[in-house]
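The block underneath contains the structure these notes are about, expressed in structure tokens.
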Amino acid sequence: MQKKDKLLLIGSILIAVGIFIFFKSTRILSWGFYRIGYNVSTGGILIALTIVDLILLVATRHKAAKIALPILIAMLVLSVILGTHLYFTGSLLDLFLILIPAAVGAGLVLRALLMKPEKNG
């Protein structure tokens, strides 16, 4: 196993452990689409745009519709994430101690991805 592969594996495990511990001590109060102001939900707008994009994709097979579809789906997921209200049950020190493995793991993954390929021979 190469050094790059080891760093990726260890980093991924640390990220997974950090996220698991974080969500173990976090409660979801409510979830839904992100709201602009008080009454405008981004979910309806994004769902309508996604449906229009799907219709255009099926009807025309245009390159712009192919590019817009994954962007709109990512925006839908981001809207749900931003609209979710989380409640952390621990203290600020607990939060920092929980996020340390995830931060170290992210650093290892970045180091592995930015590493130059090893030359054999």
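Order determines the names: the first chain of the structure tokens is A, the second B, and so forth; residues in each chain are numbered 1 upward, and ligands are numbered 1 upward as they are shown.
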request  = Looking only at alpha helix (DSSP H) from DSSP on the backbone, list the matching residues of stretch 12-75 of chain A as an MDAnalysis selection string.
outcome  = chainID A and resid 12:24 42:60 63:75
Practice prompt. Just the residues within 9 Å of A:Ala102, please, counting only C-alpha atoms, with nothing from its chain fewer than 3 positions along; format it as an NGL selection string.
Written response: :A and (11-19 or 98-99 or 105-107)
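Distance check against A:Leu110 using only C-alpha atoms: of A:Phe33, A:Leu9, A:Gly44, A:Ile73, the minimum falls on A:Leu9.
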| Among stretch 43-100 of chain A, which residues carry a DSSP assignment of strand (DSSP E), reported as a list in words? |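 Selection result, strand (DSSP E) within stretch 43-100 of chain A: His85, Leu86, Tyr87 and Phe88 of chain A.
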Writing out the chosen residues with all heavy atoms as a PDB file, in the first residue's frame:
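The new file result_2.pdb reads:
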ATOM      1  N   HIS A  85     -32.476  22.826  11.420  1.00  0.00           N
ATOM      2  CA  HIS A  85     -32.079  23.448  12.682  1.00  0.00           C
ATOM      3  C   HIS A  85     -31.541  22.360  13.617  1.00  0.00           C
ATOM      4  O   HIS A  85     -32.267  21.450  13.996  1.00  0.00           O
ATOM      5  CB  HIS A  85     -33.264  24.154  13.334  1.00  0.00           C
ATOM      6  CG  HIS A  85     -33.787  25.280  12.504  1.00  0.00           C
ATOM      7  ND1 HIS A  85     -33.235  26.529  12.524  1.00  0.00           N
ATOM      8  CD2 HIS A  85     -34.798  25.327  11.617  1.00  0.00           C
ATOM      9  CE1 HIS A  85     -33.885  27.307  11.697  1.00  0.00           C
ATOM     10  NE2 HIS A  85     -34.842  26.590  11.115  1.00  0.00           N
ATOM     11  N   LEU A  86     -30.257  22.476  13.949  1.00  0.00           N
ATOM     12  CA  LEU A  86     -29.592  21.504  14.809  1.00  0.00           C
ATOM     13  C   LEU A  86     -29.390  22.089  16.198  1.00  0.00           C
ATOM     14  O   LEU A  86     -29.200  23.290  16.363  1.00  0.00           O
ATOM     15  CB  LEU A  86     -28.233  21.110  14.227  1.00  0.00           C
ATOM     16  CG  LEU A  86     -28.233  20.479  12.841  1.00  0.00           C
ATOM     17  CD1 LEU A  86     -26.809  20.292  12.352  1.00  0.00           C
ATOM     18  CD2 LEU A  86     -28.957  19.159  12.858  1.00  0.00           C
ATOM     19  N   TYR A  87     -29.409  21.205  17.195  1.00  0.00           N
ATOM     20  CA  TYR A  87     -29.163  21.605  18.570  1.00  0.00           C
ATOM     21  C   TYR A  87     -28.044  20.728  19.109  1.00  0.00           C
ATOM     22  O   TYR A  87     -28.179  19.512  19.210  1.00  0.00           O
ATOM     23  CB  TYR A  87     -30.432  21.445  19.408  1.00  0.00           C
ATOM     24  CG  TYR A  87     -30.224  21.728  20.865  1.00  0.00           C
ATOM     25  CD1 TYR A  87     -30.057  23.028  21.325  1.00  0.00           C
ATOM     26  CD2 TYR A  87     -30.180  20.697  21.799  1.00  0.00           C
ATOM     27  CE1 TYR A  87     -29.855  23.286  22.658  1.00  0.00           C
ATOM     28  CE2 TYR A  87     -29.977  20.957  23.136  1.00  0.00           C
ATOM     29  CZ  TYR A  87     -29.818  22.249  23.557  1.00  0.00           C
ATOM     30  OH  TYR A  87     -29.607  22.509  24.875  1.00  0.00           O
ATOM     31  N   PHE A  88     -26.913  21.348  19.445  1.00  0.00           N
ATOM     32  CA  PHE A  88     -25.769  20.617  19.988  1.00  0.00           C
ATOM     33  C   PHE A  88     -25.920  20.554  21.495  1.00  0.00           C
ATOM     34  O   PHE A  88     -26.089  21.574  22.168  1.00  0.00           O
ATOM     35  CB  PHE A  88     -24.458  21.305  19.592  1.00  0.00           C
ATOM     36  CG  PHE A  88     -23.245  20.573  20.043  1.00  0.00           C
ATOM     37  CD1 PHE A  88     -22.896  19.376  19.459  1.00  0.00           C
ATOM     38  CD2 PHE A  88     -22.457  21.074  21.056  1.00  0.00           C
ATOM     39  CE1 PHE A  88     -21.774  18.688  19.872  1.00  0.00           C
ATOM     40  CE2 PHE A  88     -21.343  20.401  21.476  1.00  0.00           C
ATOM     41  CZ  PHE A  88     -20.999  19.198  20.889  1.00  0.00           C
TER      42      PHE A  88
END
The distance between atom CA of A:Thr89 and atom CA of A:Trp31 is 17.6 Å
I'd like to know which of A:Val80, A:Ile28, A:Val58, A:Ala112 is closest to A:Asp5, using only C-alpha atoms.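 Closest to A:Asp5 of all the choices is A:Ala112.
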Within 10 Å of A:Leu56, counting only C-alpha atoms, which residues qualify if same-chain residues fewer than 6 places away don't, as a PyMOL selection string? chain A and resi 50+62+64-66
For the residues in that selection, give me N, CA, C and O atoms as an mmCIF file, in the first residue's frame.
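Result file follows (again_33.cif):
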data_model
loop_
_atom_site.group_PDB
_atom_site.id
_atom_site.type_symbol
_atom_site.label_atom_id
_atom_site.label_comp_id
_atom_site.auth_asym_id
_atom_site.auth_seq_id
_atom_site.Cartn_x
_atom_site.Cartn_y
_atom_site.Cartn_z
ATOM 1 N N THR A 50 -36.041 22.529 -11.341
ATOM 2 C CA THR A 50 -35.576 21.181 -11.657
ATOM 3 C C THR A 50 -36.535 20.492 -12.624
ATOM 4 O O THR A 50 -36.102 19.827 -13.573
ATOM 5 N N HIS A 62 -30.203 19.466 -24.736
ATOM 6 C CA HIS A 62 -29.240 20.563 -24.827
ATOM 7 C C HIS A 62 -28.183 20.412 -23.743
ATOM 8 O O HIS A 62 -28.444 19.937 -22.638
ATOM 9 N N ALA A 64 -26.679 22.691 -21.972
ATOM 10 C CA ALA A 64 -26.922 23.531 -20.800
ATOM 11 C C ALA A 64 -27.864 22.840 -19.819
ATOM 12 O O ALA A 64 -27.699 22.950 -18.600
ATOM 13 N N ALA A 65 -28.837 22.103 -20.322
ATOM 14 C CA ALA A 65 -29.767 21.381 -19.447
ATOM 15 C C ALA A 65 -29.053 20.242 -18.727
ATOM 16 O O ALA A 65 -29.341 19.953 -17.560
ATOM 17 N N LYS A 66 -28.103 19.598 -19.410
ATOM 18 C CA LYS A 66 -27.326 18.524 -18.776
ATOM 19 C C LYS A 66 -26.435 19.072 -17.666
ATOM 20 O O LYS A 66 -26.226 18.417 -16.649
#
Contacts of A:Leu49 at 12 Å or less, counting only C-alpha atoms, minus same-chain residues fewer than 6 places along, as an MDAnalysis selection string? chainID A and resid 42:43 55:57 65 68:73 75:76
Requested write-out: N, CA and C atoms of the selected residues, as an mmCIF file, in the first residue's frame:
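So again-v2.cif came out as:
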data_model
loop_
_atom_site.group_PDB
_atom_site.id
_atom_site.type_symbol
_atom_site.label_atom_id
_atom_site.label_comp_id
_atom_site.auth_asym_id
_atom_site.auth_seq_id
_atom_site.Cartn_x
_atom_site.Cartn_y
_atom_site.Cartn_z
ATOM 1 N N THR A 42 -37.174 28.390 -0.577
ATOM 2 C CA THR A 42 -36.381 28.126 -1.781
ATOM 3 C C THR A 42 -36.715 26.767 -2.379
ATOM 4 N N GLY A 43 -37.330 25.893 -1.604
ATOM 5 C CA GLY A 43 -37.653 24.556 -2.087
ATOM 6 C C GLY A 43 -38.584 24.570 -3.278
ATOM 7 N N ILE A 55 -37.710 18.689 -18.181
ATOM 8 C CA ILE A 55 -38.505 18.754 -19.412
ATOM 9 C C ILE A 55 -37.633 19.211 -20.578
ATOM 10 N N LEU A 56 -36.827 20.248 -20.357
ATOM 11 C CA LEU A 56 -35.935 20.724 -21.415
ATOM 12 C C LEU A 56 -34.893 19.669 -21.799
ATOM 13 N N LEU A 57 -34.412 18.937 -20.812
ATOM 14 C CA LEU A 57 -33.417 17.904 -21.083
ATOM 15 C C LEU A 57 -34.004 16.797 -21.946
ATOM 16 N N ALA A 65 -28.837 22.103 -20.322
ATOM 17 C CA ALA A 65 -29.767 21.381 -19.447
ATOM 18 C C ALA A 65 -29.053 20.242 -18.727
ATOM 19 N N ALA A 68 -27.053 21.949 -15.959
ATOM 20 C CA ALA A 68 -27.873 22.572 -14.911
ATOM 21 C C ALA A 68 -28.505 21.555 -13.958
ATOM 22 N N LEU A 69 -28.784 20.348 -14.436
ATOM 23 C CA LEU A 69 -29.478 19.367 -13.593
ATOM 24 C C LEU A 69 -28.696 19.009 -12.322
ATOM 25 N N PRO A 70 -27.415 18.617 -12.394
ATOM 26 C CA PRO A 70 -26.702 18.321 -11.145
ATOM 27 C C PRO A 70 -26.535 19.551 -10.255
ATOM 28 N N ILE A 71 -26.422 20.728 -10.865
ATOM 29 C CA ILE A 71 -26.312 21.954 -10.071
ATOM 30 C C ILE A 71 -27.602 22.199 -9.301
ATOM 31 N N LEU A 72 -28.755 22.017 -9.956
ATOM 32 C CA LEU A 72 -30.044 22.211 -9.283
ATOM 33 C C LEU A 72 -30.270 21.183 -8.181
ATOM 34 N N ILE A 73 -29.858 19.946 -8.410
ATOM 35 C CA ILE A 73 -30.000 18.918 -7.375
ATOM 36 C C ILE A 73 -29.106 19.240 -6.181
ATOM 37 N N MET A 75 -28.208 22.214 -5.297
ATOM 38 C CA MET A 75 -28.827 23.360 -4.634
ATOM 39 C C MET A 75 -30.019 22.927 -3.775
ATOM 40 N N LEU A 76 -30.769 21.916 -4.221
ATOM 41 C CA LEU A 76 -31.859 21.375 -3.407
ATOM 42 C C LEU A 76 -31.328 20.771 -2.110
#
message = When you look at A:Thr84 with a cut-off of 12 Å (counting only C-alpha atoms), what residues show up, excluding the ones that are within fewer than 5 positions of it in the same chain? I need them as a PyMOL selection string.
response = chain A and resi 26-35+77-79
Emit the selected residues as a PDB file, in the first residue's frame, including N, CA, C and O atoms.
ATOM      1  N   THR A  26     -25.808  15.568  18.627  1.00  0.00           N
ATOM      2  CA  THR A  26     -26.583  16.646  18.025  1.00  0.00           C
ATOM      3  C   THR A  26     -28.014  16.173  17.813  1.00  0.00           C
ATOM      4  O   THR A  26     -28.251  15.038  17.427  1.00  0.00           O
ATOM      5  N   ARG A  27     -28.959  17.065  18.074  1.00  0.00           N
ATOM      6  CA  ARG A  27     -30.372  16.751  17.856  1.00  0.00           C
ATOM      7  C   ARG A  27     -30.919  17.656  16.762  1.00  0.00           C
ATOM      8  O   ARG A  27     -30.566  18.828  16.676  1.00  0.00           O
ATOM      9  N   ILE A  28     -31.809  17.115  15.948  1.00  0.00           N
ATOM     10  CA  ILE A  28     -32.457  17.904  14.902  1.00  0.00           C
ATOM     11  C   ILE A  28     -33.762  18.441  15.472  1.00  0.00           C
ATOM     12  O   ILE A  28     -34.633  17.677  15.884  1.00  0.00           O
ATOM     13  N   LEU A  29     -33.882  19.767  15.509  1.00  0.00           N
ATOM     14  CA  LEU A  29     -35.119  20.383  15.993  1.00  0.00           C
ATOM     15  C   LEU A  29     -36.174  20.402  14.899  1.00  0.00           C
ATOM     16  O   LEU A  29     -37.337  20.093  15.149  1.00  0.00           O
ATOM     17  N   SER A  30     -35.800  20.807  13.706  1.00  0.00           N
ATOM     18  CA  SER A  30     -36.726  20.805  12.579  1.00  0.00           C
ATOM     19  C   SER A  30     -35.915  20.791  11.297  1.00  0.00           C
ATOM     20  O   SER A  30     -34.741  21.144  11.285  1.00  0.00           O
ATOM     21  N   TRP A  31     -36.554  20.370  10.227  1.00  0.00           N
ATOM     22  CA  TRP A  31     -35.875  20.386   8.946  1.00  0.00           C
ATOM     23  C   TRP A  31     -36.874  20.771   7.876  1.00  0.00           C
ATOM     24  O   TRP A  31     -38.070  20.597   8.013  1.00  0.00           O
ATOM     25  N   GLY A  32     -36.334  21.314   6.814  1.00  0.00           N
ATOM     26  CA  GLY A  32     -37.149  21.760   5.698  1.00  0.00           C
ATOM     27  C   GLY A  32     -36.271  22.553   4.758  1.00  0.00           C
ATOM     28  O   GLY A  32     -35.055  22.584   4.893  1.00  0.00           O
ATOM     29  N   PHE A  33     -36.898  23.207   3.806  1.00  0.00           N
ATOM     30  CA  PHE A  33     -36.135  24.015   2.869  1.00  0.00           C
ATOM     31  C   PHE A  33     -35.775  25.355   3.484  1.00  0.00           C
ATOM     32  O   PHE A  33     -36.475  25.876   4.347  1.00  0.00           O
ATOM     33  N   TYR A  34     -34.677  25.909   3.033  1.00  0.00           N
ATOM     34  CA  TYR A  34     -34.216  27.210   3.492  1.00  0.00           C
ATOM     35  C   TYR A  34     -35.226  28.275   3.088  1.00  0.00           C
ATOM     36  O   TYR A  34     -35.796  28.224   2.013  1.00  0.00           O
ATOM     37  N   ARG A  35     -35.454  29.228   3.973  1.00  0.00           N
ATOM     38  CA  ARG A  35     -36.416  30.289   3.695  1.00  0.00           C
ATOM     39  C   ARG A  35     -35.702  31.616   3.523  1.00  0.00           C
ATOM     40  O   ARG A  35     -34.810  31.952   4.288  1.00  0.00           O
ATOM     41  N   VAL A  77     -30.263  19.983  -2.223  1.00  0.00           N
ATOM     42  CA  VAL A  77     -29.661  19.379  -1.025  1.00  0.00           C
ATOM     43  C   VAL A  77     -29.128  20.468  -0.097  1.00  0.00           C
ATOM     44  O   VAL A  77     -29.338  20.417   1.120  1.00  0.00           O
ATOM     45  N   LEU A  78     -28.464  21.465  -0.661  1.00  0.00           N
ATOM     46  CA  LEU A  78     -27.944  22.568   0.147  1.00  0.00           C
ATOM     47  C   LEU A  78     -29.072  23.336   0.827  1.00  0.00           C
ATOM     48  O   LEU A  78     -28.955  23.742   1.982  1.00  0.00           O
ATOM     49  N   SER A  79     -30.188  23.502   0.142  1.00  0.00           N
ATOM     50  CA  SER A  79     -31.338  24.193   0.721  1.00  0.00           C
ATOM     51  C   SER A  79     -31.897  23.439   1.921  1.00  0.00           C
ATOM     52  O   SER A  79     -32.267  24.040   2.932  1.00  0.00           O
TER      53      SER A  79
END
Shortest contact to A:Ser41, candidates A:Pro117, A:Ile21, A:Lys3, A:Gly83, atoms counted only C-alpha atoms, goes to A:Gly83
Who sits within 12 Å of A:Met115, only C-alpha atoms, same chain under 6 positions skipped, as a VMD selection string | chain A and resid 2 to 5 7 to 8 108 to 109
Go ahead and save the residues from that selection, with N, CA, C and O atoms, as a PDB file, in the first residue's frame.
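Output saved as part_23.pdb:
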ATOM      1  N   GLN A   2       0.621   2.159  -0.918  1.00  0.00           N
ATOM      2  CA  GLN A   2       1.430   3.353  -1.032  1.00  0.00           C
ATOM      3  C   GLN A   2       1.077   4.348   0.065  1.00  0.00           C
ATOM      4  O   GLN A   2       0.035   4.263   0.706  1.00  0.00           O
ATOM      5  N   LYS A   3       1.976   5.306   0.262  1.00  0.00           N
ATOM      6  CA  LYS A   3       1.781   6.323   1.294  1.00  0.00           C
ATOM      7  C   LYS A   3       0.520   7.136   1.028  1.00  0.00           C
ATOM      8  O   LYS A   3      -0.235   7.451   1.949  1.00  0.00           O
ATOM      9  N   LYS A   4       0.260   7.461  -0.234  1.00  0.00           N
ATOM     10  CA  LYS A   4      -0.920   8.235  -0.603  1.00  0.00           C
ATOM     11  C   LYS A   4      -2.200   7.490  -0.224  1.00  0.00           C
ATOM     12  O   LYS A   4      -3.134   8.072   0.322  1.00  0.00           O
ATOM     13  N   ASP A   5      -2.227   6.183  -0.498  1.00  0.00           N
ATOM     14  CA  ASP A   5      -3.401   5.377  -0.169  1.00  0.00           C
ATOM     15  C   ASP A   5      -3.615   5.288   1.340  1.00  0.00           C
ATOM     16  O   ASP A   5      -4.751   5.326   1.817  1.00  0.00           O
ATOM     17  N   LEU A   7      -2.687   7.536   3.594  1.00  0.00           N
ATOM     18  CA  LEU A   7      -3.184   8.828   4.057  1.00  0.00           C
ATOM     19  C   LEU A   7      -4.670   9.004   3.746  1.00  0.00           C
ATOM     20  O   LEU A   7      -5.435   9.496   4.582  1.00  0.00           O
ATOM     21  N   LEU A   8      -5.082   8.596   2.543  1.00  0.00           N
ATOM     22  CA  LEU A   8      -6.490   8.680   2.176  1.00  0.00           C
ATOM     23  C   LEU A   8      -7.363   7.814   3.090  1.00  0.00           C
ATOM     24  O   LEU A   8      -8.418   8.246   3.545  1.00  0.00           O
ATOM     25  N   LEU A 108      -5.333  15.221   6.277  1.00  0.00           N
ATOM     26  CA  LEU A 108      -4.649  14.065   5.683  1.00  0.00           C
ATOM     27  C   LEU A 108      -5.156  13.772   4.272  1.00  0.00           C
ATOM     28  O   LEU A 108      -4.373  13.442   3.378  1.00  0.00           O
ATOM     29  N   VAL A 109      -6.477  13.895   4.077  1.00  0.00           N
ATOM     30  CA  VAL A 109      -7.033  13.662   2.748  1.00  0.00           C
ATOM     31  C   VAL A 109      -6.523  14.713   1.766  1.00  0.00           C
ATOM     32  O   VAL A 109      -6.141  14.399   0.640  1.00  0.00           O
TER      33      VAL A 109
END
_For atom CA of A:Ala103 and atom CA of A:Ile81, the interatomic separation in Å (one decimal)_ =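 Calculated distance between atom CA of A:Ala103 and atom CA of A:Ile81 is 20.1 Å.
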